[in-house]
Amino acid sequence: MTFDIQEILGFLPHRYPFLLIDRVVEFEPTKRLVAIKNVTINEPFFQGHFPGYPIMPGVLMVEAIAQAGGALLLTEIPDREEKLMVFTGIESAKFRKPVVPGDQLRIEVTVLNWRSMAVKMLGIATVDGKVACEATVTCMIVPRPSKPTATKDQTA
């Protein structure tokens, strides 16, 4: 099973410029997911990281791993529009190879431990078969705060 960007937008709350997966190419419910992030020079973080030598920040690769994990986790939550997935831990993050504009990041997450509202996953991000980043992430589902209603001052 695969998911295109429209389907991803249906279950992840992230939006540009912080949505870091473009497509899901492999999916085994509650077990494993593989997502793709096409890295382009248009990414806003490249303006400052680093001028003259653009590389994707490692923390964003870990975030991409978490978002791929979120796609896996949130597909199992029936009322996901009322929930958010948040980090509760990052372990053993390692950065092996710079990711640059033009690269295609392949993000594979594998479930290590699944509970009803939390999951621990191993994430490995590769470019052309070479590991760029790996980390174990723990995430949990929490209620999404209700949207604040506009006050009279905010609508003026």
# chains A, B, ... in the order shown; residues from 1 in each chain; ligands from 1

$ residues_around --residues "segment 21-29 of chain A" --least-positions-apart "2" --cutoff "9 Å" --atoms "only C-alpha atoms" --output "PyMOL selection string"
chain A and resi 1-5+7-8+19+31-38+64-65+67-68+71-73+75-76+105+107-108

$ write_last_selection --atoms "C-alpha atoms" --output "PDB file, in the first residue's frame"
ATOM      1  CA  MET A   1       0.000   0.000   0.000  1.00  0.00           C
ATOM      2  CA  THR A   2       1.243   3.518  -0.815  1.00  0.00           C
ATOM      3  CA  PHE A   3       0.072   7.053   0.016  1.00  0.00           C
ATOM      4  CA  ASP A   4       0.446  10.185  -2.091  1.00  0.00           C
ATOM      5  CA  ILE A   5       0.865  13.693  -0.692  1.00  0.00           C
ATOM      6  CA  GLU A   7      -3.410  11.230   1.599  1.00  0.00           C
ATOM      7  CA  ILE A   8      -0.449  12.165   3.826  1.00  0.00           C
ATOM      8  CA  LEU A  19       5.982  18.649   6.338  1.00  0.00           C
ATOM      9  CA  LYS A  31       4.919  -2.820  11.676  1.00  0.00           C
ATOM     10  CA  ARG A  32       6.809  -0.769   9.092  1.00  0.00           C
ATOM     11  CA  LEU A  33       6.613   2.190   6.729  1.00  0.00           C
ATOM     12  CA  VAL A  34       8.915   3.618   4.065  1.00  0.00           C
ATOM     13  CA  ALA A  35       8.536   7.269   3.064  1.00  0.00           C
ATOM     14  CA  ILE A  36      10.298   9.497   0.550  1.00  0.00           C
ATOM     15  CA  LYS A  37      11.441  13.104   1.004  1.00  0.00           C
ATOM     16  CA  ASN A  38      12.635  14.840  -2.141  1.00  0.00           C
ATOM     17  CA  ALA A  64      11.311  13.263   9.045  1.00  0.00           C
ATOM     18  CA  ILE A  65      11.773   9.895  10.772  1.00  0.00           C
ATOM     19  CA  GLN A  67       6.757  12.111  10.743  1.00  0.00           C
ATOM     20  CA  ALA A  68       7.087   8.809   8.903  1.00  0.00           C
ATOM     21  CA  ALA A  71       2.069   8.360   9.398  1.00  0.00           C
ATOM     22  CA  LEU A  72       2.346   4.745  10.529  1.00  0.00           C
ATOM     23  CA  LEU A  73       0.851   5.409  13.972  1.00  0.00           C
ATOM     24  CA  THR A  75      -3.328   5.490  10.310  1.00  0.00           C
ATOM     25  CA  GLU A  76      -4.398   3.257  13.220  1.00  0.00           C
ATOM     26  CA  LEU A 105      15.824  10.694   1.338  1.00  0.00           C
ATOM     27  CA  ILE A 107      13.005   7.009   5.429  1.00  0.00           C
ATOM     28  CA  GLU A 108      12.265   3.566   6.839  1.00  0.00           C
TER      29      GLU A 108
END

$ residues_around --residues "segment 83-90 of chain A" --least-positions-apart "3" --cutoff "8 Å" --atoms "only C-alpha atoms" --output "PDB file with C-alpha atoms, in the first residue's frame"
ATOM      1  CA  PRO A  13      -1.132  17.718  10.806  1.00  0.00           C
ATOM      2  CA  ALA A  66       9.215  10.932  13.397  1.00  0.00           C
ATOM      3  CA  GLY A  70       3.476   9.407  12.751  1.00  0.00           C
ATOM      4  CA  LEU A  74      -1.916   7.825  12.975  1.00  0.00           C
ATOM      5  CA  ASP A  79     -10.301   9.922  15.580  1.00  0.00           C
ATOM      6  CA  ARG A  80      -6.909  11.218  14.423  1.00  0.00           C
ATOM      7  CA  ALA A  93      20.717   9.498  16.844  1.00  0.00           C
ATOM      8  CA  ALA A 135      17.629   7.181  15.382  1.00  0.00           C
ATOM      9  CA  THR A 136      15.242   5.458  17.720  1.00  0.00           C
ATOM     10  CA  VAL A 137      12.236   7.661  18.397  1.00  0.00           C
ATOM     11  CA  THR A 138       9.438   7.298  20.890  1.00  0.00           C
ATOM     12  CA  CYS A 139       6.168   9.093  20.212  1.00  0.00           C
ATOM     13  CA  MET A 140       2.784   9.245  21.839  1.00  0.00           C
ATOM     14  CA  ILE A 141      -0.716  10.304  20.899  1.00  0.00           C
ATOM     15  CA  VAL A 142      -2.181  13.227  22.851  1.00  0.00           C
ATOM     16  CA  PRO A 143      -5.465  15.128  22.511  1.00  0.00           C
ATOM     17  CA  ARG A 144      -5.257  18.002  20.040  1.00  0.00           C
TER      18      ARG A 144
END

$ closest_residue --among "A:Phe45, A:Glu81, A:Leu60, A:Asp103" --to "Gly129 of chain A" --atoms "only C-alpha atoms"
A:Asp103

$ select_by_dssp --residues "segment 14-145 of chain A" --states "strand (DSSP E)" --output "VMD selection string"
chain A and resid 23 to 28 32 to 38 83 to 95 104 to 114 118 to 127 130 to 143

$ closest_residue --among "A:Gln104, A:Ser92, A:Ser146, A:Asn42" --to "Leu122 of chain A" --atoms "only C-alpha atoms"
A:Ser92

$ atom_distance --atom1 "atom CA of Met117 of chain A" --atom2 "atom CA of Val131 of chain A"
29.2 Å

$ residues_around --residues "Glu43 of chain A" --least-positions-apart "4" --cutoff "9 Å" --atoms "only C-alpha atoms" --output "list in words"
Pro17, Val39, Gln47, Met56 and Pro101 of chain A

$ write_last_selection --atoms "all heavy atoms" --output "PDB file, in the first residue's frame"
ATOM      1  N   PRO A  17       6.223  24.968   5.932  1.00  0.00           N
ATOM      2  CA  PRO A  17       7.448  24.347   5.465  1.00  0.00           C
ATOM      3  C   PRO A  17       7.924  23.185   6.340  1.00  0.00           C
ATOM      4  O   PRO A  17       9.079  22.778   6.248  1.00  0.00           O
ATOM      5  CB  PRO A  17       8.457  25.491   5.535  1.00  0.00           C
ATOM      6  CG  PRO A  17       8.024  26.278   6.738  1.00  0.00           C
ATOM      7  CD  PRO A  17       6.507  26.162   6.753  1.00  0.00           C
ATOM      8  N   VAL A  39      14.525  16.217  -1.544  1.00  0.00           N
ATOM      9  CA  VAL A  39      15.215  17.381  -0.984  1.00  0.00           C
ATOM     10  C   VAL A  39      15.545  18.337  -2.124  1.00  0.00           C
ATOM     11  O   VAL A  39      16.232  17.955  -3.073  1.00  0.00           O
ATOM     12  CB  VAL A  39      16.496  16.944  -0.244  1.00  0.00           C
ATOM     13  CG1 VAL A  39      17.202  18.153   0.372  1.00  0.00           C
ATOM     14  CG2 VAL A  39      16.172  15.903   0.828  1.00  0.00           C
ATOM     15  N   GLN A  47      18.793  28.379   3.185  1.00  0.00           N
ATOM     16  CA  GLN A  47      19.288  29.761   3.146  1.00  0.00           C
ATOM     17  C   GLN A  47      20.356  30.001   4.204  1.00  0.00           C
ATOM     18  O   GLN A  47      21.285  30.760   3.990  1.00  0.00           O
ATOM     19  CB  GLN A  47      18.138  30.746   3.351  1.00  0.00           C
ATOM     20  CG  GLN A  47      17.182  30.792   2.202  1.00  0.00           C
ATOM     21  CD  GLN A  47      16.050  31.774   2.449  1.00  0.00           C
ATOM     22  OE1 GLN A  47      16.135  32.638   3.309  1.00  0.00           O
ATOM     23  NE2 GLN A  47      14.988  31.636   1.685  1.00  0.00           N
ATOM     24  N   MET A  56      21.093  19.437   4.684  1.00  0.00           N
ATOM     25  CA  MET A  56      19.872  19.302   5.478  1.00  0.00           C
ATOM     26  C   MET A  56      20.254  19.126   6.949  1.00  0.00           C
ATOM     27  O   MET A  56      21.072  18.265   7.280  1.00  0.00           O
ATOM     28  CB  MET A  56      19.064  18.096   4.998  1.00  0.00           C
ATOM     29  CG  MET A  56      17.730  17.945   5.682  1.00  0.00           C
ATOM     30  SD  MET A  56      16.786  16.594   4.910  1.00  0.00           S
ATOM     31  CE  MET A  56      15.234  16.776   5.778  1.00  0.00           C
ATOM     32  N   PRO A 101      20.748  19.285  -1.548  1.00  0.00           N
ATOM     33  CA  PRO A 101      19.710  19.464  -2.566  1.00  0.00           C
ATOM     34  C   PRO A 101      19.910  18.492  -3.728  1.00  0.00           C
ATOM     35  O   PRO A 101      21.034  18.253  -4.174  1.00  0.00           O
ATOM     36  CB  PRO A 101      19.901  20.913  -3.016  1.00  0.00           C
ATOM     37  CG  PRO A 101      20.520  21.589  -1.833  1.00  0.00           C
ATOM     38  CD  PRO A 101      21.425  20.551  -1.222  1.00  0.00           C
TER      39      PRO A 101
END

$ atom_distance --atom1 "atom CA of Val100 of chain A" --atom2 "atom CA of Glu134 of chain A"
16.7 Å

$ atom_distance --atom1 "atom CA of Thr40 of chain A" --atom2 "atom CA of Lys97 of chain A"
16.7 Å

$ residues_around --residues "Pro44 of chain A" --least-positions-apart "5" --cutoff "10 Å" --atoms "only C-alpha atoms" --output "PyMOL selection string"
chain A and resi 16-18+49

$ write_last_selection --atoms "N, CA and C atoms" --output "PDB file, in the first residue's frame"
ATOM      1  N   TYR A  16       3.568  22.818   5.051  1.00  0.00           N
ATOM      2  CA  TYR A  16       4.742  23.546   4.601  1.00  0.00           C
ATOM      3  C   TYR A  16       4.990  24.714   5.558  1.00  0.00           C
ATOM      4  N   PRO A  17       6.223  24.968   5.932  1.00  0.00           N
ATOM      5  CA  PRO A  17       7.448  24.347   5.465  1.00  0.00           C
ATOM      6  C   PRO A  17       7.924  23.185   6.340  1.00  0.00           C
ATOM      7  N   PHE A  18       7.040  22.635   7.173  1.00  0.00           N
ATOM      8  CA  PHE A  18       7.502  21.631   8.122  1.00  0.00           C
ATOM      9  C   PHE A  18       7.064  20.212   7.807  1.00  0.00           C
ATOM     10  N   HIS A  49      21.692  27.211   6.239  1.00  0.00           N
ATOM     11  CA  HIS A  49      22.354  25.957   6.682  1.00  0.00           C
ATOM     12  C   HIS A  49      22.940  25.228   5.495  1.00  0.00           C
TER      13      HIS A  49
END
